[in-house]
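Participant: Quick one: the structure is below, and I'll ask about it shortly.
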Amino acid sequence: MEKARISSIQLFLLLTGFLYGSTVIINPALGAKNDAWLAIILGGVGGALLMGVYVSIALLNPSRTLVEILRDRSGKFVGNAVSILYIWYFVHLASLVFRNFGEFMVTVTFPETPMIIVIGIFAVILVYAVNSGVEVMGRLSELFMPVVPVVVLIISLSLITTRDFTAFLPVLENGMAPVLKAAFGFITFPFGETIAFLMLFPHLNQKGNLKKIAALSALFLVVLCLVIFMRDISVLGSGLMQQATFIPHLTSLLIPGLNVEPLVDINLLIGGGTKISVCIYAAVKALSQVSGIGDYRKLTTAITTFCVVLSIWVYENVLEMLSWAEKVWPYYSIPFQMVIPLILLFLSFKKRVKPSNVRNGS
Amino acid sequence: MYAVSRYWLHCKMGDKDMLGRTRKRNRMVKQNAHIDNIRNDTNEPIPQTIGAVRSGLQEIFTGCSDFVLREIVCGKDSSIRMLVVYINGFVDKRVLNQDVVRPILDYFSNAKLQDKRNPIYEQLKECVVNNNDIKEAENMQQVMENIVSGEALLFIDGEDRALVIGVKAPQGRHVEEPDTEVSIRGAREGFVENLLTNTTLIRKRIKNPNLKLEIMQLGEQTKTDICICYIKGIANEEIVREVRERLKKIKTDAILDSGYIEQFISDSRLSLFPTVGNSEKCDKLAGKLLEGRVAIFCDGTPYVLTVPYLFIESIQVSEDYYDHAFFATFMRLLRLLALLVSNLLLGMYVALVGFHHTVIPFKLMITLAASRQGIPFSPITEAVLMIVAFELLREAGVRMPRPIGQALSIVGAIVLGEASVAAGISSNLMVIIVAITAVCSFVVPPLIRATMLIRFVFLAAANFLGFFGISFVFVAVFVHLCRLRSFGIPYMAPFSPLTASDFKDSLVVAPIWAMVTRPKILRQENTKGAAGVKRQEARLKR
């Protein structure tokens with residue numbers, strides 16, 4: 001076990017950055033059109049509950065990573081098998097975020113640059129960050145994350161003159177069904193992915209704060225998303241909002257007399273960087289524990305290279321990416337984000353209640 | 001006699017080695033020097049007869065024209081023979097004559113004064129020599145060391161000990177205002193090359209027996225005096241121990257400047273960012289000591305090292321604490337801005353012109369296009385040309401003899417600035433940008449070197465990937481900064497790890513009456529060096 005320790009505030013910022021991640025450009029809650037604000041709130045509540053499940057698992061198994069918990073609770077063979085599935089999941093997630101990032105860059109800023117260049121250079125830096133350890137990742141989040149809300153505020157405030165505050169009306173035009181569907185997407189998209197943090201929670205130096213940190217970061221994300229949604233819809237209107245590929249980018253272009261396009265890029269760089277580095281860290285850490293390799297740093301470069309290749313290979317184009325994120329991803333994630341964690345929580349509870357029986361049984 | 005001649009043999013062999021071998025085989029020489037030292041440590045005794053001492057020393061110091069050897073013969077029947085040995089120019093001759101030689105002659109010529117019961121050696125030590133600073137040398141090794149470090153030695157016939165009399169003449173320049181760190185307000189005293197003067201200057205400011213000054217010698221050949229200075233009870237013991245250990249590990253021929261030590265004890269030896277601070281100003285150093293830092297004095301240089309050195313210290317100036325807090329805060333922020341500008345501005349310009357035309361407001365765009373009209377080079381070529389020209393000017397300004405200065409400034413300002421624009425080699429805007437970059441880089445002197453090189457990296461990245469390249473390099477630099485530790489303390493403290501109580505002296509300067517606590521980060525962290533932590537991690541993983 002690496003001795004690195006991260007403080008509560010560092011974990012909070014890492015979590016927030018992770019949740020914010022590629023939500024900057026793809027927000028599944030927007031599937032609910034005018035009622036996305038409701039989907040964000042509902043999804044936020046559900047997401048917070050889901051994060052509560054992960055936090056409870058972490059608290060019931062103190063100072064153990066996901067792999068160790070899985071092995072403890074379901075035996076070595078099954079535990080390792082499920083861990084390998086999770087490693088795949090983290091790697092896949094990392095490559096999806098890589099692709100989001102690359103796609104955005106290539107569409108918006110560098111139309112003539114091959115995407116592999118953009119993603120590849122990004123990957124080099126992230127390998128450097130991940131190899132520096134959890135402590136450094138925590139410290140980096142302390143330096144960079146405060147920029148995110150500041151950028152959101154800057155863009156929101158500079159658009160204050162061009163707003164139509166009634167744009168989100170009428171409420172519930174199409175009934176509750178699309179809202180619930182979008183809310184479900186919003187639960188799985190940023191919130192459920194925090195399962196990766198089960199590999200990081202053992203590094204927290206004050207375990208007692210875990211619940212508070214998770215709740216606060218969920219709340220923070222909901223507020224941030226609401227601010228962004230209200231801004232976007234009041235500036236663009238719901239019609240334009242559904243047609244745009246990268247909504248916040250389009251919004252930022254509408255600021256009169258000023259072009260703050262790079263600020264959106266920076267936000268994506270920070271959020272996406274945090275998310276990918278946490279995913280890669282979780283994947284390599286899990287892999288090193290499964291395979292018994294002492295130092296996860298040996299694996300980082302290989303896994304990241306794989307992610308980069310996978311990210312290029314996984315979609316044909318940007319539209320496929322967007323529709324996949326909205327339509328397939330939520331269902332693909334269900335076993336990883338809900339089924340296995342709930343079983344794990346159940347097993348952890350069972351063992352806590354009757355420790356002697358379980359030991360005999362296994 | 002045998003012992004002396006053996007000693008001499010080693011020395012001579014050493015000399016010959018030093019002269020006879022080329023630089024290529026430097027490593028061999030170093031090894032030999034090391035072996036010589038081990039042999040010298042065998043503590044060869046001082047021969048009892050004056051004649052033997054004399055001939056031995058003369059042989060060792062053949063070819064040393066500054067070596068002085070004087071025999072004193074006195075007492076009844078010329079029975080008492082003594083030998084005074086010193087290096088000319090190193091000792092204060094007047095003091096030596098008045099306090100040592102004359103009392104001896106007076107004392108032994110006056111039979112009444114003599115104390116017959118005591119041996120001559122004890123009499124000399126206790127009641128004849130007027131000087132307070134008296135030590136004893138008990139073997140040839142100590143004798144040699146003391147002679148070459150400027151003490152006078154007194155040998156007495158029939159004794160196998162020698163008296164070491166401290167009559168070192170004060171050397172070097174006077175205490176004056178340092179050229180490199182000028183302050184409008186605050187003490188003008190700067191350190192000098194003499195170690196003793198420097199430690200006195202600090203002692204003068206911190207009148208406290210807890211101010212500890214531990215002395216040691218480094219450098220196989222130079223035997224330079226190094227002094228570790230800290231305030232017991234304020235400095236973190238762990239850090240002091242770490243400093244001591246790292247200094248002891250240094251194996252080198254020569255320490256000519258504290259810069260040598262800096263390179264040996266730095267946490268990250270290849271990092272562009274300094275993890276060891278240096279200062280020439282007494283008040284600044286006193287402040288650092290009082291915060292709990294450890295200072296390392298080195299004889300022969302006015303630059304005193306301080307550890308641990310954190311990033312924030314590069315924008316801290318001693319005047320910040322003497323001035324109004326609001327003003328000081330403003331200056332801090334200005335310095336940080338200057339740091340960012342000097343790193344990023346050039347790259348930003350290239351990125352804007354090359355990739356992000358849309359970001360530039362329309363009116364500025366017209367100005368820009370007009371100024372770039374007719375320039376044959378791409379923005380990156382132009383930028384590299386101008387910045388290299390500037391760096392050349394700067395370097396020339398440092399190296400050239402002073403009287404030529406004016407010629408250089410004329411060349412710099414008129415030829416490179418005005419004429420290059422008139423000739424259509426560079427745009428007006430580029431000259432302005434290089435000028436701003438240059439001015440800003442001088443605002444934060446400790447980071448000048450890092451900035452100078454990183455600027456080129458930013459420039460290259462901006463040329464390939466625009467703002468994205470800049471962001472990438474920016475993130476990479478920050479990853480590096482977050483990795484860095486200085487003697488176990490995270491380099492970016494107090495920003496990350498966030499230490500709220502240390503914010504009073506970071507970007508914001510609290511008034512001096514509000515700074516009631518010492519920097520927390522210096523005491524709280526585990527202070528194992530980066531190497532130590534890594535080793536521990538490796539062990540734990542296994």
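Each chain of the structure tokens is named A, B, ... in the order shown, its residues numbered from 1; ligands are numbered from 1 in display order.
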I need the residues in segment 441-472 of chain B that are alpha helix (DSSP H) according to DSSP; give them as a PyMOL selection string.
Facilitator: chain B and resi 441+448-472
Participant: Quick one: write out the picked residues with N, CA and C atoms as a PDB file, in the first residue's frame?
Facilitator:
```
ATOM      1  N   SER B 441      10.646  39.445 -16.458  1.00  0.00           N
ATOM      2  CA  SER B 441      11.510  38.374 -15.962  1.00  0.00           C
ATOM      3  C   SER B 441      12.473  38.880 -14.899  1.00  0.00           C
ATOM      4  N   ILE B 448      14.673  33.472 -12.548  1.00  0.00           N
ATOM      5  CA  ILE B 448      15.088  33.944 -13.873  1.00  0.00           C
ATOM      6  C   ILE B 448      15.536  32.794 -14.763  1.00  0.00           C
ATOM      7  N   ARG B 449      16.319  31.887 -14.197  1.00  0.00           N
ATOM      8  CA  ARG B 449      16.864  30.797 -15.023  1.00  0.00           C
ATOM      9  C   ARG B 449      15.753  29.875 -15.498  1.00  0.00           C
ATOM     10  N   ALA B 450      14.879  29.491 -14.557  1.00  0.00           N
ATOM     11  CA  ALA B 450      13.775  28.613 -14.924  1.00  0.00           C
ATOM     12  C   ALA B 450      12.916  29.260 -16.001  1.00  0.00           C
ATOM     13  N   THR B 451      12.582  30.528 -15.785  1.00  0.00           N
ATOM     14  CA  THR B 451      11.723  31.240 -16.727  1.00  0.00           C
ATOM     15  C   THR B 451      12.337  31.280 -18.115  1.00  0.00           C
ATOM     16  N   MET B 452      13.641  31.567 -18.134  1.00  0.00           N
ATOM     17  CA  MET B 452      14.337  31.729 -19.408  1.00  0.00           C
ATOM     18  C   MET B 452      14.178  30.499 -20.286  1.00  0.00           C
ATOM     19  N   LEU B 453      14.327  29.314 -19.687  1.00  0.00           N
ATOM     20  CA  LEU B 453      14.259  28.092 -20.477  1.00  0.00           C
ATOM     21  C   LEU B 453      12.819  27.671 -20.749  1.00  0.00           C
ATOM     22  N   ILE B 454      11.967  27.797 -19.727  1.00  0.00           N
ATOM     23  CA  ILE B 454      10.587  27.343 -19.901  1.00  0.00           C
ATOM     24  C   ILE B 454       9.878  28.190 -20.949  1.00  0.00           C
ATOM     25  N   ARG B 455      10.285  29.459 -21.043  1.00  0.00           N
ATOM     26  CA  ARG B 455       9.707  30.347 -22.051  1.00  0.00           C
ATOM     27  C   ARG B 455       9.836  29.741 -23.452  1.00  0.00           C
ATOM     28  N   PHE B 456      10.995  29.162 -23.727  1.00  0.00           N
ATOM     29  CA  PHE B 456      11.194  28.560 -25.047  1.00  0.00           C
ATOM     30  C   PHE B 456      10.286  27.351 -25.245  1.00  0.00           C
ATOM     31  N   VAL B 457      10.090  26.591 -24.171  1.00  0.00           N
ATOM     32  CA  VAL B 457       9.197  25.432 -24.278  1.00  0.00           C
ATOM     33  C   VAL B 457       7.777  25.899 -24.590  1.00  0.00           C
ATOM     34  N   PHE B 458       7.348  26.933 -23.880  1.00  0.00           N
ATOM     35  CA  PHE B 458       6.017  27.493 -24.146  1.00  0.00           C
ATOM     36  C   PHE B 458       5.910  27.963 -25.593  1.00  0.00           C
ATOM     37  N   LEU B 459       6.979  28.598 -26.040  1.00  0.00           N
ATOM     38  CA  LEU B 459       7.001  29.135 -27.391  1.00  0.00           C
ATOM     39  C   LEU B 459       6.832  28.015 -28.411  1.00  0.00           C
ATOM     40  N   ALA B 460       7.606  26.944 -28.220  1.00  0.00           N
ATOM     41  CA  ALA B 460       7.527  25.824 -29.153  1.00  0.00           C
ATOM     42  C   ALA B 460       6.138  25.202 -29.116  1.00  0.00           C
ATOM     43  N   ALA B 461       5.617  24.998 -27.907  1.00  0.00           N
ATOM     44  CA  ALA B 461       4.295  24.377 -27.776  1.00  0.00           C
ATOM     45  C   ALA B 461       3.229  25.239 -28.423  1.00  0.00           C
ATOM     46  N   ALA B 462       3.335  26.558 -28.222  1.00  0.00           N
ATOM     47  CA  ALA B 462       2.348  27.466 -28.805  1.00  0.00           C
ATOM     48  C   ALA B 462       2.405  27.408 -30.320  1.00  0.00           C
ATOM     49  N   ASN B 463       3.595  27.226 -30.848  1.00  0.00           N
ATOM     50  CA  ASN B 463       3.728  27.190 -32.296  1.00  0.00           C
ATOM     51  C   ASN B 463       3.089  25.937 -32.893  1.00  0.00           C
ATOM     52  N   PHE B 464       3.116  24.838 -32.130  1.00  0.00           N
ATOM     53  CA  PHE B 464       2.548  23.607 -32.670  1.00  0.00           C
ATOM     54  C   PHE B 464       1.063  23.465 -32.377  1.00  0.00           C
ATOM     55  N   LEU B 465       0.647  23.813 -31.177  1.00  0.00           N
ATOM     56  CA  LEU B 465      -0.731  23.519 -30.789  1.00  0.00           C
ATOM     57  C   LEU B 465      -1.483  24.725 -30.226  1.00  0.00           C
ATOM     58  N   GLY B 466      -0.969  25.901 -30.416  1.00  0.00           N
ATOM     59  CA  GLY B 466      -1.689  27.079 -29.954  1.00  0.00           C
ATOM     60  C   GLY B 466      -1.913  27.079 -28.449  1.00  0.00           C
ATOM     61  N   PHE B 467      -3.074  27.579 -28.030  1.00  0.00           N
ATOM     62  CA  PHE B 467      -3.359  27.649 -26.599  1.00  0.00           C
ATOM     63  C   PHE B 467      -3.316  26.277 -25.957  1.00  0.00           C
ATOM     64  N   PHE B 468      -3.627  25.275 -26.762  1.00  0.00           N
ATOM     65  CA  PHE B 468      -3.624  23.942 -26.197  1.00  0.00           C
ATOM     66  C   PHE B 468      -2.259  23.511 -25.785  1.00  0.00           C
ATOM     67  N   GLY B 469      -1.308  23.759 -26.688  1.00  0.00           N
ATOM     68  CA  GLY B 469       0.079  23.451 -26.354  1.00  0.00           C
ATOM     69  C   GLY B 469       0.488  24.163 -25.086  1.00  0.00           C
ATOM     70  N   ILE B 470       0.108  25.443 -24.993  1.00  0.00           N
ATOM     71  CA  ILE B 470       0.467  26.199 -23.792  1.00  0.00           C
ATOM     72  C   ILE B 470      -0.140  25.546 -22.560  1.00  0.00           C
ATOM     73  N   SER B 471      -1.421  25.184 -22.671  1.00  0.00           N
ATOM     74  CA  SER B 471      -2.063  24.560 -21.500  1.00  0.00           C
ATOM     75  C   SER B 471      -1.366  23.267 -21.127  1.00  0.00           C
ATOM     76  N   PHE B 472      -0.992  22.479 -22.135  1.00  0.00           N
ATOM     77  CA  PHE B 472      -0.318  21.210 -21.856  1.00  0.00           C
ATOM     78  C   PHE B 472       0.980  21.447 -21.086  1.00  0.00           C
TER      79      PHE B 472
END
```
Participant: Hey, what's within 8 Å of Ser258 of chain B if we count only C-alpha atoms and toss same-chain stuff fewer than 3 positions away? As a list in words, please?
Facilitator: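 The neighbour list is Ile255, Ile261, Glu262, Phe297, Cys298, Thr301, Tyr303, Val304 and Leu305 of chain B.
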Participant: Define the interface residues of chain B facing chain A as those within 12 Å, counting only C-alpha atoms, and report them as a JSON list (two decimals) with C-alpha atoms, in the first residue's frame.
Facilitator:
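Final file, out_7.json:
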```
[["chain", "number", "residue", "atom", "x", "y", "z"],
["B", 348, "MET", "CA", 0.47, 33.57, -26.14],
["B", 351, "ALA", "CA", -0.56, 31.21, -30.45],
["B", 352, "LEU", "CA", -2.88, 34.15, -31.05],
["B", 354, "GLY", "CA", -0.93, 31.53, -35.53],
["B", 355, "PHE", "CA", -4.10, 29.78, -34.36],
["B", 356, "HIS", "CA", -6.66, 31.90, -32.61],
["B", 357, "HIS", "CA", -7.33, 34.93, -34.78],
["B", 358, "THR", "CA", -10.93, 34.77, -33.70],
["B", 359, "VAL", "CA", -10.07, 35.43, -30.09],
["B", 360, "ILE", "CA", -8.49, 38.80, -30.90],
["B", 361, "PRO", "CA", -10.91, 41.71, -30.86],
["B", 362, "PHE", "CA", -11.43, 43.12, -34.33],
["B", 363, "LYS", "CA", -9.77, 46.51, -33.83],
["B", 364, "LEU", "CA", -6.68, 44.99, -32.28],
["B", 461, "ALA", "CA", 4.30, 24.38, -27.78],
["B", 464, "PHE", "CA", 2.55, 23.61, -32.67],
["B", 465, "LEU", "CA", -0.73, 23.52, -30.79],
["B", 466, "GLY", "CA", -1.69, 27.08, -29.95],
["B", 467, "PHE", "CA", -3.36, 27.65, -26.60],
["B", 468, "PHE", "CA", -3.62, 23.94, -26.20],
["B", 469, "GLY", "CA", 0.08, 23.45, -26.35],
["B", 470, "ILE", "CA", 0.47, 26.20, -23.79],
["B", 471, "SER", "CA", -2.06, 24.56, -21.50],
["B", 472, "PHE", "CA", -0.32, 21.21, -21.86],
["B", 473, "VAL", "CA", 3.06, 22.63, -20.93],
["B", 474, "PHE", "CA", 1.44, 24.61, -18.15],
["B", 475, "VAL", "CA", -0.09, 21.47, -16.68],
["B", 476, "ALA", "CA", 3.18, 19.58, -17.08],
["B", 477, "VAL", "CA", 5.07, 22.34, -15.26],
["B", 478, "PHE", "CA", 2.53, 22.24, -12.46],
["B", 479, "VAL", "CA", 2.75, 18.47, -12.17],
["B", 480, "HIS", "CA", 6.48, 18.93, -11.80],
["B", 481, "LEU", "CA", 6.02, 21.68, -9.20],
["B", 482, "CYS", "CA", 3.60, 19.54, -7.22],
["B", 483, "ARG", "CA", 6.04, 16.65, -7.27],
["B", 484, "LEU", "CA", 8.89, 18.75, -5.98],
["B", 485, "ARG", "CA", 9.79, 18.75, -2.34],
["B", 490, "PRO", "CA", 5.95, 20.20, -0.59],
["B", 491, "TYR", "CA", 7.23, 22.91, -2.91],
["B", 492, "MET", "CA", 3.86, 24.48, -3.66],
["B", 493, "ALA", "CA", 2.83, 24.91, -0.02],
["B", 494, "PRO", "CA", 0.76, 26.70, 1.23],
["B", 495, "PHE", "CA", -1.42, 26.43, -1.91],
["B", 496, "SER", "CA", -1.19, 22.72, -2.23],
["B", 497, "PRO", "CA", -1.42, 21.11, 0.24],
["B", 498, "LEU", "CA", -3.75, 23.84, 1.34],
["B", 499, "THR", "CA", -2.53, 25.32, 4.61],
["B", 500, "ALA", "CA", -5.01, 27.98, 5.57],
["B", 525, "GLU", "CA", 5.04, 17.68, 7.57],
["B", 526, "ASN", "CA", 7.04, 14.54, 7.72],
["B", 533, "VAL", "CA", 10.04, 8.77, 1.27],
["B", 534, "LYS", "CA", 10.57, 6.81, -1.90],
["B", 535, "ARG", "CA", 12.63, 4.23, -0.10],
["B", 536, "GLN", "CA", 9.95, 3.89, 2.52],
["B", 537, "GLU", "CA", 7.26, 3.52, -0.11],
["B", 538, "ALA", "CA", 9.23, 0.83, -1.85],
["B", 539, "ARG", "CA", 9.68, -1.02, 1.41],
["B", 540, "LEU", "CA", 6.01, -0.80, 2.29],
["B", 541, "LYS", "CA", 4.95, -2.08, -1.08],
["B", 542, "ARG", "CA", 7.07, -5.15, -0.73]]
```
Participant: Write out as a PDB file with N, CA and C atoms, in the first residue's frame each polymer residue whose atoms come within 12 Å of Lys281 of chain B, counting only C-alpha atoms; drop sequence neighbours fewer than 4 positions from it.
Facilitator:
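Saved as part37.pdb:
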```pdb
ATOM      1  N   VAL B 175      31.810  45.041   5.193  1.00  0.00           N
ATOM      2  CA  VAL B 175      30.373  44.815   5.022  1.00  0.00           C
ATOM      3  C   VAL B 175      29.788  45.982   4.245  1.00  0.00           C
ATOM      4  N   GLU B 176      29.140  45.677   3.141  1.00  0.00           N
ATOM      5  CA  GLU B 176      28.543  46.757   2.361  1.00  0.00           C
ATOM      6  C   GLU B 176      27.218  46.293   1.776  1.00  0.00           C
ATOM      7  N   GLU B 177      26.536  47.181   1.081  1.00  0.00           N
ATOM      8  CA  GLU B 177      25.238  46.825   0.531  1.00  0.00           C
ATOM      9  C   GLU B 177      25.416  45.852  -0.635  1.00  0.00           C
ATOM     10  N   PRO B 178      24.662  44.749  -0.625  1.00  0.00           N
ATOM     11  CA  PRO B 178      24.812  43.794  -1.726  1.00  0.00           C
ATOM     12  C   PRO B 178      24.294  44.370  -3.035  1.00  0.00           C
ATOM     13  N   ASP B 179      24.962  44.037  -4.127  1.00  0.00           N
ATOM     14  CA  ASP B 179      24.547  44.549  -5.439  1.00  0.00           C
ATOM     15  C   ASP B 179      23.332  43.808  -5.976  1.00  0.00           C
ATOM     16  N   THR B 180      23.221  42.530  -5.601  1.00  0.00           N
ATOM     17  CA  THR B 180      22.182  41.723  -6.233  1.00  0.00           C
ATOM     18  C   THR B 180      20.815  41.910  -5.614  1.00  0.00           C
ATOM     19  N   GLU B 181      20.768  42.193  -4.311  1.00  0.00           N
ATOM     20  CA  GLU B 181      19.467  42.362  -3.680  1.00  0.00           C
ATOM     21  C   GLU B 181      19.401  43.751  -3.069  1.00  0.00           C
ATOM     22  N   VAL B 182      18.879  44.658  -3.796  1.00  0.00           N
ATOM     23  CA  VAL B 182      18.824  46.035  -3.334  1.00  0.00           C
ATOM     24  C   VAL B 182      17.457  46.277  -2.700  1.00  0.00           C
ATOM     25  N   SER B 183      17.457  47.020  -1.617  1.00  0.00           N
ATOM     26  CA  SER B 183      16.159  47.350  -1.034  1.00  0.00           C
ATOM     27  C   SER B 183      16.086  48.845  -0.770  1.00  0.00           C
ATOM     28  N   GLY B 186      14.963  49.087   4.657  1.00  0.00           N
ATOM     29  CA  GLY B 186      15.531  47.913   5.293  1.00  0.00           C
ATOM     30  C   GLY B 186      17.036  48.009   5.369  1.00  0.00           C
ATOM     31  N   ALA B 187      17.622  47.060   6.066  1.00  0.00           N
ATOM     32  CA  ALA B 187      19.045  47.111   6.342  1.00  0.00           C
ATOM     33  C   ALA B 187      19.841  47.055   5.051  1.00  0.00           C
ATOM     34  N   ARG B 188      20.973  47.774   5.046  1.00  0.00           N
ATOM     35  CA  ARG B 188      21.821  47.782   3.853  1.00  0.00           C
ATOM     36  C   ARG B 188      22.941  46.766   3.970  1.00  0.00           C
ATOM     37  N   GLU B 189      23.064  46.143   5.144  1.00  0.00           N
ATOM     38  CA  GLU B 189      24.200  45.248   5.345  1.00  0.00           C
ATOM     39  C   GLU B 189      24.044  43.971   4.534  1.00  0.00           C
ATOM     40  N   GLY B 190      25.106  43.596   3.860  1.00  0.00           N
ATOM     41  CA  GLY B 190      25.099  42.326   3.145  1.00  0.00           C
ATOM     42  C   GLY B 190      26.226  41.460   3.651  1.00  0.00           C
ATOM     43  N   PHE B 191      26.124  40.195   3.384  1.00  0.00           N
ATOM     44  CA  PHE B 191      27.179  39.291   3.826  1.00  0.00           C
ATOM     45  C   PHE B 191      28.450  39.516   3.016  1.00  0.00           C
ATOM     46  N   VAL B 192      29.579  39.085   3.593  1.00  0.00           N
ATOM     47  CA  VAL B 192      30.852  39.190   2.892  1.00  0.00           C
ATOM     48  C   VAL B 192      31.428  37.793   2.717  1.00  0.00           C
ATOM     49  N   ASN B 198      30.198  36.938   8.766  1.00  0.00           N
ATOM     50  CA  ASN B 198      28.799  36.629   8.430  1.00  0.00           C
ATOM     51  C   ASN B 198      28.028  36.114   9.635  1.00  0.00           C
ATOM     52  N   LEU B 201      27.254  38.849  11.925  1.00  0.00           N
ATOM     53  CA  LEU B 201      26.162  39.705  11.469  1.00  0.00           C
ATOM     54  C   LEU B 201      24.808  39.123  11.866  1.00  0.00           C
ATOM     55  N   ILE B 202      24.693  37.801  11.818  1.00  0.00           N
ATOM     56  CA  ILE B 202      23.442  37.161  12.205  1.00  0.00           C
ATOM     57  C   ILE B 202      23.270  37.184  13.711  1.00  0.00           C
ATOM     58  N   ARG B 205      21.837  40.247  15.033  1.00  0.00           N
ATOM     59  CA  ARG B 205      20.402  40.459  14.870  1.00  0.00           C
ATOM     60  C   ARG B 205      19.575  39.558  15.760  1.00  0.00           C
ATOM     61  N   LEU B 285      17.905  36.935   5.878  1.00  0.00           N
ATOM     62  CA  LEU B 285      18.294  35.636   6.427  1.00  0.00           C
ATOM     63  C   LEU B 285      17.790  35.487   7.861  1.00  0.00           C
ATOM     64  N   ALA B 286      17.892  36.573   8.631  1.00  0.00           N
ATOM     65  CA  ALA B 286      17.403  36.510  10.012  1.00  0.00           C
ATOM     66  C   ALA B 286      15.917  36.160  10.022  1.00  0.00           C
ATOM     67  N   GLY B 287      15.178  36.779   9.105  1.00  0.00           N
ATOM     68  CA  GLY B 287      13.741  36.483   8.996  1.00  0.00           C
ATOM     69  C   GLY B 287      13.499  35.017   8.694  1.00  0.00           C
ATOM     70  N   LYS B 288      14.274  34.484   7.773  1.00  0.00           N
ATOM     71  CA  LYS B 288      14.095  33.074   7.387  1.00  0.00           C
ATOM     72  C   LYS B 288      14.400  32.161   8.571  1.00  0.00           C
ATOM     73  N   PRO B 302      29.606  35.289  -0.239  1.00  0.00           N
ATOM     74  CA  PRO B 302      28.597  36.049   0.499  1.00  0.00           C
ATOM     75  C   PRO B 302      27.193  35.454   0.378  1.00  0.00           C
ATOM     76  N   TYR B 303      27.025  34.423  -0.433  1.00  0.00           N
ATOM     77  CA  TYR B 303      25.685  33.846  -0.608  1.00  0.00           C
ATOM     78  C   TYR B 303      25.437  32.766   0.425  1.00  0.00           C
ATOM     79  N   VAL B 304      24.465  33.019   1.277  1.00  0.00           N
ATOM     80  CA  VAL B 304      24.135  32.062   2.320  1.00  0.00           C
ATOM     81  C   VAL B 304      22.913  31.270   1.851  1.00  0.00           C
ATOM     82  N   LEU B 305      22.972  29.956   2.024  1.00  0.00           N
ATOM     83  CA  LEU B 305      21.861  29.122   1.565  1.00  0.00           C
ATOM     84  C   LEU B 305      20.805  29.005   2.657  1.00  0.00           C
ATOM     85  N   THR B 306      19.531  28.898   2.247  1.00  0.00           N
ATOM     86  CA  THR B 306      18.474  28.607   3.209  1.00  0.00           C
ATOM     87  C   THR B 306      17.667  27.429   2.707  1.00  0.00           C
ATOM     88  N   VAL B 317       9.670  39.272  -0.631  1.00  0.00           N
ATOM     89  CA  VAL B 317      10.805  40.181  -0.529  1.00  0.00           C
ATOM     90  C   VAL B 317      10.783  40.731   0.889  1.00  0.00           C
ATOM     91  N   SER B 318      11.978  40.961   1.461  1.00  0.00           N
ATOM     92  CA  SER B 318      11.987  41.360   2.873  1.00  0.00           C
ATOM     93  C   SER B 318      11.235  42.665   3.103  1.00  0.00           C
ATOM     94  N   GLU B 319      11.200  43.510   2.081  1.00  0.00           N
ATOM     95  CA  GLU B 319      10.492  44.785   2.245  1.00  0.00           C
ATOM     96  C   GLU B 319       8.992  44.624   2.456  1.00  0.00           C
TER      97      GLU B 319
END
```
Participant: Find the residues around segment 263-265 of chain B up to 9 Å (only C-alpha atoms counted), leave out those fewer than 6 positions away in its own chain, and share them as a list in words.
Facilitator: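 Listed by chain and then number, they are Val243, Arg246, Leu247, Lys249, Ile250 and Val276 of chain B.
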Participant: Would you list the contacts of segment 176-189 of chain A as JSON, numbers by chain, taking every protein, DNA or RNA residue within 10 Å and counting only C-alpha atoms, but skipping same-chain residues closer than 4 positions in sequence?
Facilitator: {"A": [19, 22, 23, 26, 27, 28, 29, 30, 31, 32, 33, 34, 35, 36, 37, 38, 39, 40, 41, 42, 43, 44, 45, 46, 47, 48, 49, 50, 51, 172, 193, 194, 325, 326, 327, 328, 329, 330, 331, 332, 333, 334, 336, 337, 338]}
Participant: In Å, rounded to a single decimal, give me how far atom CA of Ile154 of chain A is from atom CA of Ile247 of chain A.
Facilitator: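 Atom CA of Ile154 of chain A lies at a distance of 16.3 Å from atom CA of Ile247 of chain A.
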Participant: If I take atom CA of Ile80 of chain B and atom CA of Glu44 of chain B, how far is one from the other in Å, to one decimal?
Facilitator: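 Computed distance, atom CA of Ile80 of chain B to atom CA of Glu44 of chain B, equals 24.5 Å.
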Participant: One decimal, in Å: what's the spacing between atom CA of Ile120 of chain B and atom CA of Glu159 of chain B?
Facilitator: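 The value is 9.3 Å.
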Participant: Would you kindly return, as JSON, numbers by chain, each protein, DNA or RNA residue with an atom no farther than 12 Å from any atom of Asn97 of chain B, considering only C-alpha atoms and excluding same-chain residues fewer than 5 positions away?
Facilitator: {"B": [70, 84, 91, 92, 102, 103, 104, 105, 106, 129, 130, 131, 152, 165, 167]}
Participant: List the spatial neighbours of segment 388-394 of chain B as number ranges by chain - criterion: any atom at most 8 Å away, only C-alpha atoms, same-chain residues fewer than 6 positions off excluded.
Facilitator: B: 408, 412, 416, 434, 438
Participant: Restricting the calculation to only C-alpha atoms, which member of A:Ile87, A:Leu169, A:Val78, A:Leu60 is positioned closest to Gln289 of chain A?
Facilitator: A:Ile87
